[in-house]
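One file, target_17.cif, carrying mmCIF, C-alpha atoms:
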data_input
#
loop_
_atom_site.label_atom_id
_atom_site.label_comp_id
_atom_site.auth_asym_id
_atom_site.auth_seq_id
_atom_site.Cartn_x
_atom_site.Cartn_y
_atom_site.Cartn_z
CA MET A 1 0.00 0.00 0.00
CA ALA A 2 1.41 3.38 -1.03
CA THR A 3 2.38 5.76 1.74
CA GLN A 4 0.53 9.09 1.55
CA GLN A 5 2.90 12.04 1.31
CA PRO A 6 2.52 14.71 4.04
CA ALA A 7 1.06 18.06 2.98
CA THR A 8 3.92 19.92 4.63
CA ARG A 9 7.60 19.33 5.41
CA PRO A 10 9.15 19.54 8.90
CA ASP A 11 9.88 23.25 8.24
CA ASN A 12 6.12 23.74 7.62
CA LYS A 13 6.64 24.45 3.95
CA PRO A 14 4.10 22.76 1.65
CA VAL A 15 5.35 19.80 -0.35
CA ALA A 16 3.50 20.31 -3.62
CA THR A 17 4.60 23.18 -5.89
CA PRO A 18 3.03 24.64 -9.04
CA ALA A 19 4.30 23.24 -12.32
CA ASN A 20 4.23 26.82 -13.58
CA SER A 21 4.71 29.60 -11.03
CA ARG A 22 4.03 32.46 -13.46
CA PHE A 23 0.98 34.35 -12.20
CA SER A 24 1.88 37.79 -13.56
CA SER A 25 -0.96 40.01 -14.74
CA GLY A 26 0.95 41.16 -17.81
CA PRO A 27 2.70 39.79 -19.67
CA CYS A 28 0.67 36.76 -18.66
CA ALA A 29 1.48 33.07 -18.62
CA LYS A 30 1.95 31.41 -22.01
CA PRO A 31 -0.53 28.68 -23.00
CA PRO A 32 0.29 25.38 -21.27
CA ASN A 33 1.33 23.77 -24.58
CA PHE A 34 3.78 26.55 -25.50
CA GLU A 35 7.12 25.50 -26.99
CA LEU A 36 9.56 27.71 -28.85
CA ASN A 37 9.85 25.25 -31.72
CA LYS A 38 6.17 25.81 -32.50
CA LEU A 39 7.13 29.27 -33.78
CA ALA A 40 9.32 27.80 -36.52
CA GLY A 41 6.69 28.66 -39.13
CA ALA A 42 7.16 32.41 -38.67
CA PRO A 43 8.28 34.03 -41.95
CA LEU A 44 11.33 35.72 -40.43
CA GLY A 45 13.46 37.88 -42.68
CA ARG A 46 10.51 38.36 -45.02
CA SER A 47 8.42 41.42 -45.70
CA HIS A 48 5.17 41.45 -43.77
CA ARG A 49 3.64 42.75 -47.00
CA ALA A 50 4.63 39.65 -48.94
CA ALA A 51 1.84 37.15 -49.58
CA GLU A 52 2.86 34.86 -46.72
CA GLY A 53 3.10 37.70 -44.23
CA LYS A 54 -0.26 39.15 -45.25
CA ALA A 55 -1.83 35.71 -44.96
CA LYS A 56 -0.50 35.29 -41.42
CA LEU A 57 -1.78 38.72 -40.38
CA LEU A 58 -5.19 38.10 -41.90
CA ALA A 59 -5.33 34.72 -40.18
CA ALA A 60 -4.64 36.44 -36.85
CA ILE A 61 -7.52 38.82 -37.51
CA GLU A 62 -10.04 36.24 -38.65
CA THR A 63 -9.16 33.67 -35.99
CA THR A 64 -9.61 36.41 -33.40
CA ARG A 65 -13.07 36.99 -34.89
CA GLU A 66 -13.84 33.26 -34.72
CA VAL A 67 -12.74 32.73 -31.12
CA LEU A 68 -14.28 35.92 -29.71
CA GLY A 69 -17.46 35.74 -31.78
CA VAL A 70 -16.97 39.22 -33.25
CA PRO A 71 -19.76 40.01 -35.75
CA ALA A 72 -18.84 39.82 -39.43
CA GLU A 73 -19.65 43.49 -39.99
CA TYR A 74 -17.17 44.64 -37.34
CA LYS A 75 -13.64 45.61 -38.39
CA ILE A 76 -10.61 44.09 -36.63
CA GLY A 77 -7.16 45.60 -37.04
CA ILE A 78 -3.66 44.94 -35.71
CA VAL A 79 -2.10 48.22 -34.57
CA PRO A 80 1.13 49.37 -32.89
CA ALA A 81 1.92 49.92 -29.23
CA SER A 82 -0.20 47.31 -27.49
CA ASP A 83 -3.59 48.09 -25.94
CA THR A 84 -2.37 51.59 -25.11
CA GLY A 85 -1.72 52.36 -28.76
CA ALA A 86 -5.07 50.92 -29.83
CA TYR A 87 -7.05 52.89 -27.26
CA GLU A 88 -5.13 56.12 -27.88
CA MET A 89 -5.73 55.69 -31.61
CA ALA A 90 -9.46 55.35 -30.97
CA MET A 91 -9.69 58.36 -28.66
CA TRP A 92 -7.67 60.67 -30.88
CA SER A 93 -9.53 59.61 -34.03
CA LEU A 94 -13.12 59.45 -32.76
CA LEU A 95 -13.64 61.79 -29.81
CA GLY A 96 -14.62 65.43 -30.00
CA GLU A 97 -17.83 65.30 -32.00
CA ARG A 98 -19.85 65.26 -28.78
CA PRO A 99 -19.04 65.44 -25.04
CA ALA A 100 -17.37 62.44 -23.41
CA GLU A 101 -18.17 60.52 -20.24
CA MET A 102 -14.84 59.38 -18.80
CA VAL A 103 -15.18 56.40 -16.47
CA ALA A 104 -12.31 55.32 -14.20
CA TRP A 105 -12.07 52.85 -11.32
CA GLU A 106 -8.40 51.94 -11.62
CA SER A 107 -5.10 53.30 -12.92
CA PHE A 108 -5.47 52.61 -16.65
CA GLY A 109 -8.93 54.17 -16.82
CA ALA A 110 -7.50 57.16 -14.96
CA GLY A 111 -4.88 57.45 -17.70
CA TRP A 112 -7.56 57.82 -20.36
CA VAL A 113 -9.13 60.59 -18.28
CA THR A 114 -5.80 62.43 -18.29
CA ASP A 115 -5.56 62.19 -22.08
CA VAL A 116 -9.00 63.68 -22.62
CA ALA A 117 -8.70 66.34 -19.94
CA LYS A 118 -5.14 67.53 -20.55
CA GLN A 119 -4.33 66.57 -24.16
CA LEU A 120 -7.52 66.56 -26.23
CA ARG A 121 -9.26 69.05 -23.92
CA ILE A 122 -12.76 68.28 -25.11
CA GLU A 123 -15.94 68.75 -23.10
CA HIS A 124 -16.20 65.86 -20.67
CA THR A 125 -17.52 64.57 -17.37
CA VAL A 126 -15.43 62.34 -15.12
CA HIS A 127 -16.95 59.45 -13.15
CA THR A 128 -14.66 57.66 -10.69
CA ALA A 129 -14.88 54.92 -8.09
CA GLU A 130 -12.44 53.74 -5.46
CA TYR A 131 -10.29 50.66 -6.03
CA GLY A 132 -12.50 47.59 -5.53
CA GLU A 133 -15.66 49.35 -6.75
CA ILE A 134 -17.04 50.37 -10.13
CA VAL A 135 -19.00 53.34 -11.43
CA ASP A 136 -22.77 53.04 -11.82
CA MET A 137 -22.85 52.48 -15.58
CA ALA A 138 -26.63 53.02 -15.65
CA GLY A 139 -26.13 56.61 -14.54
CA LEU A 140 -24.08 57.68 -17.59
CA ASN A 141 -25.35 59.88 -20.40
CA TYR A 142 -25.26 57.64 -23.46
CA ASP A 143 -25.94 60.59 -25.76
CA HIS A 144 -22.27 61.29 -25.06
CA ASP A 145 -19.27 59.12 -25.97
CA ILE A 146 -18.37 56.71 -23.14
CA CYS A 147 -14.75 55.73 -22.39
CA PHE A 148 -14.29 52.89 -19.89
CA THR A 149 -12.37 49.74 -19.04
CA TRP A 150 -14.36 46.50 -18.96
CA ASN A 151 -12.05 44.86 -16.45
CA GLY A 152 -9.87 46.72 -13.99
CA THR A 153 -6.52 44.98 -14.34
CA THR A 154 -5.13 46.84 -11.32
CA SER A 155 -8.28 46.75 -9.17
CA GLY A 156 -9.77 43.29 -9.73
CA VAL A 157 -13.23 44.54 -10.67
CA ARG A 158 -15.22 44.26 -13.89
CA VAL A 159 -18.47 45.33 -15.49
CA PRO A 160 -20.91 42.49 -14.69
CA SER A 161 -22.74 42.82 -18.03
CA GLY A 162 -23.60 45.27 -20.78
CA ASP A 163 -27.32 45.26 -20.01
CA VAL A 164 -27.41 48.90 -18.91
CA ILE A 165 -25.86 50.17 -22.16
CA PRO A 166 -28.80 51.22 -24.36
CA ALA A 167 -29.11 49.83 -27.87
CA ASP A 168 -30.37 53.20 -29.12
CA ARG A 169 -27.49 55.24 -27.72
CA ALA A 170 -26.45 58.31 -29.69
CA GLY A 171 -22.84 58.28 -28.55
CA LEU A 172 -20.13 55.69 -29.04
CA THR A 173 -18.84 53.29 -26.38
CA LEU A 174 -15.04 52.96 -26.29
CA CYS A 175 -14.09 49.89 -24.24
CA ASP A 176 -10.59 49.02 -23.05
CA ALA A 177 -10.97 45.24 -22.75
CA THR A 178 -7.35 44.19 -22.56
CA SER A 179 -7.72 41.90 -19.53
CA ALA A 180 -11.28 40.88 -20.42
CA ALA A 181 -11.03 39.64 -24.02
CA PHE A 182 -10.76 35.82 -24.12
CA ALA A 183 -11.98 35.52 -20.50
CA MET A 184 -15.33 37.33 -20.39
CA ASP A 185 -18.41 37.38 -22.59
CA LEU A 186 -18.25 40.81 -24.21
CA PRO A 187 -21.57 42.10 -25.62
CA TRP A 188 -20.49 43.24 -29.08
CA ASP A 189 -23.79 45.00 -29.84
CA LYS A 190 -23.09 47.33 -26.89
CA LEU A 191 -19.45 48.06 -27.80
CA ASP A 192 -18.45 50.39 -30.63
CA VAL A 193 -14.70 50.33 -30.05
CA THR A 194 -12.94 47.49 -28.26
CA THR A 195 -9.20 47.22 -27.68
CA PHE A 196 -6.90 44.63 -26.16
CA SER A 197 -3.31 43.42 -26.35
CA TRP A 198 -1.75 40.06 -27.06
CA GLN A 199 0.31 39.89 -23.87
CA LYS A 200 -2.73 39.71 -21.62
CA VAL A 201 -5.25 36.88 -21.54
CA LEU A 202 -3.67 34.57 -24.13
CA GLY A 203 -0.10 35.27 -23.01
CA GLY A 204 1.07 36.52 -26.41
CA GLU A 205 4.25 38.48 -26.93
CA ALA A 206 4.05 42.24 -26.43
CA ALA A 207 3.85 45.46 -28.47
CA HIS A 208 0.82 44.71 -30.64
CA GLY A 209 -2.70 46.00 -30.06
CA MET A 210 -6.06 44.92 -31.44
CA LEU A 211 -8.66 47.47 -32.48
CA ILE A 212 -12.24 46.34 -33.11
CA LEU A 213 -14.70 48.81 -34.64
CA SER A 214 -18.47 48.57 -34.96
CA PRO A 215 -20.25 49.94 -38.05
CA ARG A 216 -21.24 52.96 -35.93
CA ALA A 217 -17.58 53.65 -35.16
CA VAL A 218 -16.66 53.38 -38.84
CA GLU A 219 -19.46 55.80 -39.69
CA ARG A 220 -18.06 58.29 -37.17
CA LEU A 221 -14.57 57.95 -38.64
CA GLU A 222 -15.84 58.65 -42.16
CA SER A 223 -18.12 61.56 -41.21
CA TYR A 224 -16.11 63.41 -38.57
CA THR A 225 -12.64 64.96 -38.65
CA PRO A 226 -11.09 65.86 -35.27
CA PRO A 227 -9.88 69.46 -34.86
CA TRP A 228 -6.39 68.37 -33.79
CA PRO A 229 -3.58 67.04 -36.00
CA LEU A 230 -3.29 63.25 -36.07
CA PRO A 231 0.12 61.55 -36.11
CA LYS A 232 0.55 59.08 -38.95
CA ILE A 233 0.47 56.17 -36.52
CA PHE A 234 -3.11 57.14 -35.50
CA ARG A 235 -4.62 57.69 -38.95
CA LEU A 236 -7.42 55.28 -39.79
CA THR A 237 -8.89 57.14 -42.76
CA LYS A 238 -7.68 58.61 -46.03
CA GLY A 239 -9.75 60.99 -48.11
CA GLY A 240 -12.64 60.59 -45.68
CA LYS A 241 -12.76 56.80 -46.07
CA LEU A 242 -11.61 54.02 -43.79
CA ILE A 243 -8.22 52.56 -44.73
CA GLU A 244 -9.51 49.04 -45.29
CA GLY A 245 -6.03 47.54 -45.52
CA ILE A 246 -5.46 48.03 -41.80
CA PHE A 247 -8.29 45.57 -41.19
CA THR A 248 -7.11 42.93 -43.65
CA GLY A 249 -3.49 42.67 -42.47
CA ALA A 250 -1.77 45.71 -44.01
CA THR A 251 -0.54 47.08 -40.70
CA ILE A 252 0.33 50.74 -40.13
CA ASN A 253 3.89 49.89 -39.15
CA THR A 254 6.07 46.80 -39.30
CA PRO A 255 4.81 44.03 -36.99
CA SER A 256 6.92 41.27 -35.51
CA MET A 257 6.10 38.15 -37.49
CA LEU A 258 7.49 36.11 -34.59
CA CYS A 259 4.88 37.70 -32.31
CA VAL A 260 2.20 37.09 -34.94
CA GLU A 261 3.14 33.40 -35.07
CA ASP A 262 3.04 33.22 -31.30
CA TYR A 263 -0.45 34.78 -31.26
CA LEU A 264 -1.65 32.36 -33.93
CA GLN A 265 -0.41 29.43 -31.85
CA ALA A 266 -2.19 30.83 -28.79
CA LEU A 267 -5.42 31.19 -30.76
CA GLU A 268 -5.20 27.59 -31.94
CA TRP A 269 -4.67 26.46 -28.34
CA ALA A 270 -7.73 28.52 -27.34
CA LYS A 271 -9.80 26.68 -29.93
CA SER A 272 -8.52 23.34 -28.62
CA VAL A 273 -9.86 24.02 -25.11
CA GLY A 274 -13.34 24.97 -26.30
CA GLY A 275 -12.87 28.48 -27.60
CA LEU A 276 -14.28 31.39 -25.63
CA LYS A 277 -16.57 29.22 -23.47
CA GLY A 278 -13.66 26.97 -22.58
CA LEU A 279 -11.42 29.91 -21.73
CA ILE A 280 -14.08 31.49 -19.54
CA ALA A 281 -14.59 28.18 -17.74
CA ARG A 282 -10.86 27.85 -17.08
CA ALA A 283 -10.63 31.40 -15.68
CA ASP A 284 -13.74 30.86 -13.55
CA ALA A 285 -12.28 27.63 -12.14
CA ASN A 286 -9.06 29.41 -11.20
CA THR A 287 -10.97 32.21 -9.48
CA ALA A 288 -13.19 29.69 -7.69
CA ALA A 289 -10.10 28.05 -6.19
CA ILE A 290 -8.99 31.40 -4.79
CA SER A 291 -12.51 32.14 -3.56
CA ALA A 292 -12.56 28.89 -1.60
CA PHE A 293 -9.18 29.80 -0.07
CA VAL A 294 -10.44 33.25 0.92
CA GLU A 295 -13.55 31.74 2.51
CA ALA A 296 -11.35 29.46 4.60
CA HIS A 297 -8.97 32.17 5.87
CA ASP A 298 -10.09 35.24 7.79
CA TRP A 299 -6.89 37.22 7.18
CA ILE A 300 -7.39 37.76 3.44
CA ASP A 301 -10.20 39.05 1.23
CA PHE A 302 -10.95 40.20 -2.29
CA LEU A 303 -10.34 43.85 -3.08
CA ALA A 304 -13.59 43.82 -5.07
CA VAL A 305 -16.41 44.89 -2.75
CA ASP A 306 -19.29 43.29 -4.68
CA PRO A 307 -18.89 39.64 -5.73
CA ALA A 308 -20.91 40.41 -8.88
CA THR A 309 -18.11 42.71 -10.08
CA ARG A 310 -15.23 40.40 -9.10
CA SER A 311 -12.76 39.83 -11.94
CA ASN A 312 -11.94 36.30 -13.08
CA THR A 313 -8.57 37.30 -14.54
CA SER A 314 -6.73 39.90 -12.45
CA VAL A 315 -7.76 38.70 -9.00
CA CYS A 316 -6.77 41.33 -6.44
CA LEU A 317 -6.53 40.43 -2.75
CA LYS A 318 -5.98 42.41 0.44
CA PHE A 319 -4.71 41.36 3.87
CA THR A 320 -7.22 42.08 6.64
CA ASP A 321 -5.43 40.88 9.79
CA ALA A 322 -5.50 43.58 12.48
CA ARG A 323 -1.94 42.70 13.51
CA ILE A 324 -0.56 44.10 10.24
CA THR A 325 0.69 47.64 10.85
CA ASP A 326 2.28 48.35 7.48
CA GLY A 327 0.14 46.83 4.74
CA ALA A 328 2.45 47.70 1.87
CA ALA A 329 5.56 46.28 3.55
CA PHE A 330 3.72 43.15 4.65
CA ALA A 331 2.28 42.42 1.20
CA LYS A 332 5.67 43.02 -0.40
CA ALA A 333 7.34 40.63 2.06
CA VAL A 334 4.77 37.89 1.39
CA ALA A 335 5.17 38.28 -2.37
CA LYS A 336 8.96 38.12 -2.00
CA ARG A 337 8.81 34.91 0.06
CA LEU A 338 6.69 33.26 -2.62
CA ALA A 339 8.99 34.45 -5.40
CA ASP A 340 12.09 33.30 -3.51
CA GLU A 341 10.53 29.83 -3.25
CA ASN A 342 9.68 29.99 -6.98
CA VAL A 343 6.03 29.17 -6.30
CA ALA A 344 4.45 32.51 -7.32
CA LEU A 345 6.20 35.11 -9.45
CA ASP A 346 5.18 38.75 -9.95
CA ILE A 347 2.04 38.75 -7.80
CA GLY A 348 2.50 42.03 -5.93
CA ALA A 349 -0.31 44.57 -6.27
CA TYR A 350 0.07 47.21 -8.97
CA ARG A 351 2.08 50.20 -7.80
CA ASP A 352 -0.91 52.60 -7.78
CA ALA A 353 -3.31 50.11 -6.18
CA PRO A 354 -3.93 49.47 -2.48
CA PRO A 355 -1.39 47.11 -0.85
CA GLY A 356 -2.02 43.44 -1.46
CA LEU A 357 -1.57 40.71 -4.05
CA ARG A 358 -2.69 40.31 -7.64
CA ILE A 359 -2.93 36.77 -8.98
CA TRP A 360 -3.59 36.22 -12.67
CA CYS A 361 -6.31 33.63 -13.22
CA GLY A 362 -6.85 33.81 -16.99
CA GLY A 363 -7.32 30.67 -19.06
CA THR A 364 -3.63 30.01 -19.73
CA VAL A 365 -3.15 29.30 -16.02
CA GLU A 366 -3.86 25.76 -14.86
CA THR A 367 -6.18 25.39 -11.87
CA ALA A 368 -3.84 22.76 -10.42
CA ASP A 369 -1.12 25.41 -10.25
CA ILE A 370 -3.41 27.84 -8.42
CA GLU A 371 -4.33 25.08 -5.98
CA ALA A 372 -0.67 24.17 -5.42
CA MET A 373 0.29 27.81 -4.83
CA LEU A 374 -2.38 28.66 -2.24
CA PRO A 375 -0.94 26.58 0.65
CA TRP A 376 2.32 28.41 0.07
CA LEU A 377 0.43 31.70 0.41
CA ALA A 378 -0.83 30.53 3.81
CA TRP A 379 2.72 29.51 4.75
CA ALA A 380 4.14 32.89 3.71
CA PHE A 381 1.47 34.73 5.67
CA ASP A 382 2.15 32.69 8.80
CA ALA A 383 5.89 33.22 8.44
CA GLU A 384 5.53 36.99 8.13
CA ILE A 385 2.86 37.51 10.78
CA SER A 386 4.90 35.55 13.36
CA LYS A 387 8.11 37.55 12.82
#

Conversion result in structure tokens:
Amino acid sequence: MATQQPATRPDNKPVATPANSRFSSGPCAKPPNFELNKLAGAPLGRSHRAAEGKAKLLAAIETTREVLGVPAEYKIGIVPASDTGAYEMAMWSLLGERPAEMVAWESFGAGWVTDVAKQLRIEHTVHTAEYGEIVDMAGLNYDHDICFTWNGTTSGVRVPSGDVIPADRAGLTLCDATSAAFAMDLPWDKLDVTTFSWQKVLGGEAAHGMLILSPRAVERLESYTPPWPLPKIFRLTKGGKLIEGIFTGATINTPSMLCVEDYLQALEWAKSVGGLKGLIARADANTAAISAFVEAHDWIDFLAVDPATRSNTSVCLKFTDARITDGAAFAKAVAKRLADENVALDIGAYRDAPPGLRIWCGGTVETADIEAMLPWLAWAFDAEISK
């Protein structure tokens, strides 16, 4: 009869360790089947405008459409500078026709407020919420353009649904979905502009952004010219018409074909685990494991106040033990212990967020690794609180 292994060693450290200790919220963990030799098909040393390069770029666009369920009439483009570049491109190209409602409940949303208030300087209203909460989306004026993040990567909160966004809105909705795409069910009929980056939910390599435009957004682009000069890297129209090539693989600047190949491989893996539904299920299972841990320990809690708005990708936690006198130092020490043991890398809270931990739970993370890491979190807490 086999002897059962103890859960902990004599030094109280857990025995089991994660197979993959990468829980960073960006860049995120690669798909579990990732191997460098799978990128051998990248057309390196070739022009991205050659037939093979164009075919790869178009495949990235159309496979994105397939996995995410983006409607056929929506445009999908690969643009420079990650999610930031995609969202900046959208704001600078589309805003200004009407007032804007700027919505921020974490650091990246606050950055978009700064752009509109200090750079574009258009008429706007700012709606903010504290970390762990979200703005009442039903209270916005949808005759204005709405700029918001779907999921707060640095705050661990998300929009629970798009039900409150009216179908007959006069303004456009500009959604930064970089840590929501491929992990949450985005309501495309309620989103006019959606942006994300490859290095988030599918763990792709960095520096490329995705820009998804509804027919209403395209109509705005072709009927409205902003009063400010547009850098070449932001221009989506020529002669008052959409530059269609951007949305068929003719990128504005030179993309990395190695990164494109990596993204294609990640998309194929996503399809192999059940597409969007499978990815959502994997992220939900990861978050459920953390939720069970939180329920069992009274010294830790979710940063998200309302469970309905709790993110299933960037899961943010806070320490609640009254014995902790310096929350930032304590959280940093716990994160360092886990990193030193190579059981959880890069899980400290974002620099602008309240002290705590941030554990990435997107679909590329295996639930078994989350479950193996959590006893180590309890060990690290005990070690620090008893110092």

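Proximity of A:Val103, A:Ile370, A:Leu44, A:Ile324 to Asn286 (chain A), computed with all atoms listed in the file, is greatest for A:Ile370.
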
Non-local contacts of Ala170 (chain A) (12 Å; only C-alpha atoms; under 3 positions in same chain excluded) as an NGL selection string: :A and (97-100 or 141-146 or 165-167 or 173 or 190 or 192 or 216-217 or 220)

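Interatomic distance, CA of Ser24 (chain A) against CA of Arg323 (chain A): 27.8 Å.
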
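When the PyMOL selection byres ((chain A and resi 342) around 9) is run on the displayed coordinates, the residues it returns are Thr17, Pro18, Ser21, Arg22, Arg337, Leu338, Ala339, Asp340, Glu341, Val343, Ala344 and Leu345 of chain A.
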
For region 128-133 of chain A: contacts at 8 Å, only C-alpha atoms, fewer than 2 positions along chain excluded, given as an mmCIF file with C-alpha atoms, in the frame of the given file:
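Wrote out_38.cif, looks like this:
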data_model
loop_
_atom_site.group_PDB
_atom_site.id
_atom_site.type_symbol
_atom_site.label_atom_id
_atom_site.label_comp_id
_atom_site.auth_asym_id
_atom_site.auth_seq_id
_atom_site.Cartn_x
_atom_site.Cartn_y
_atom_site.Cartn_z
ATOM 1 C CA VAL A 103 -15.180 56.400 -16.470
ATOM 2 C CA ALA A 104 -12.310 55.320 -14.200
ATOM 3 C CA TRP A 105 -12.070 52.850 -11.320
ATOM 4 C CA GLU A 106 -8.400 51.940 -11.620
ATOM 5 C CA VAL A 126 -15.430 62.340 -15.120
ATOM 6 C CA VAL A 135 -19.000 53.340 -11.430
ATOM 7 C CA SER A 155 -8.280 46.750 -9.170
ATOM 8 C CA GLY A 156 -9.770 43.290 -9.730
ATOM 9 C CA VAL A 157 -13.230 44.540 -10.670
ATOM 10 C CA LEU A 303 -10.340 43.850 -3.080
ATOM 11 C CA ALA A 304 -13.590 43.820 -5.070
ATOM 12 C CA VAL A 305 -16.410 44.890 -2.750
ATOM 13 C CA ASP A 306 -19.290 43.290 -4.680
ATOM 14 C CA THR A 309 -18.110 42.710 -10.080
ATOM 15 C CA ALA A 353 -3.310 50.110 -6.180
ATOM 16 C CA PRO A 354 -3.930 49.470 -2.480
#

Given the PyMOL selection byres ((chain A and resi 107-120) around 9), the residues it picks as a PyMOL selection string: chain A and resi 87-88+91-92+95-96+100+102-106+121-124+126+128+147-149+152-155+176+228+350+352-353

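From CA of Thr125 (chain A) back to CA of Lys75 (chain A), the distance works out to 28.6 Å.
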
Picked residues, the PyMOL selection byres ((chain A and resi 357-368) around 6), expected as a PyMOL selection string: chain A and resi 23-25+31+201+279+282-283+286+313-317+347-349+356+369-371

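The residues that lie within 12 Å of the point (4.4, 52.0, -45.2), counting all atoms listed in the file, are Ser47, His48, Arg49, Lys232, Ile233, Gly245, Ile246, Ala250, Thr251, Ile252, Asn253, Thr254 and Pro255 of chain A.
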
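Among the candidates A:Ile385, A:Leu236, A:Ala380, A:Leu174, the one nearest to Ala322 (chain A) when counting only C-alpha atoms is A:Ile385.
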
Nearest residue to Lys38 (chain A) from the set A:Ala266, A:Ala328, A:Ala59, A:Ala372 (distances using all atoms listed in the file): A:Ala266

Between CA of Phe330 (chain A) and CA of Thr8 (chain A) - distance in Å to one decimal: 23.2 Å

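Nearest to Ala81 (chain A) of all the residues A:Gly327, A:Pro231, A:Gly209, A:Gly274 is A:Gly209, counting all atoms listed in the file.
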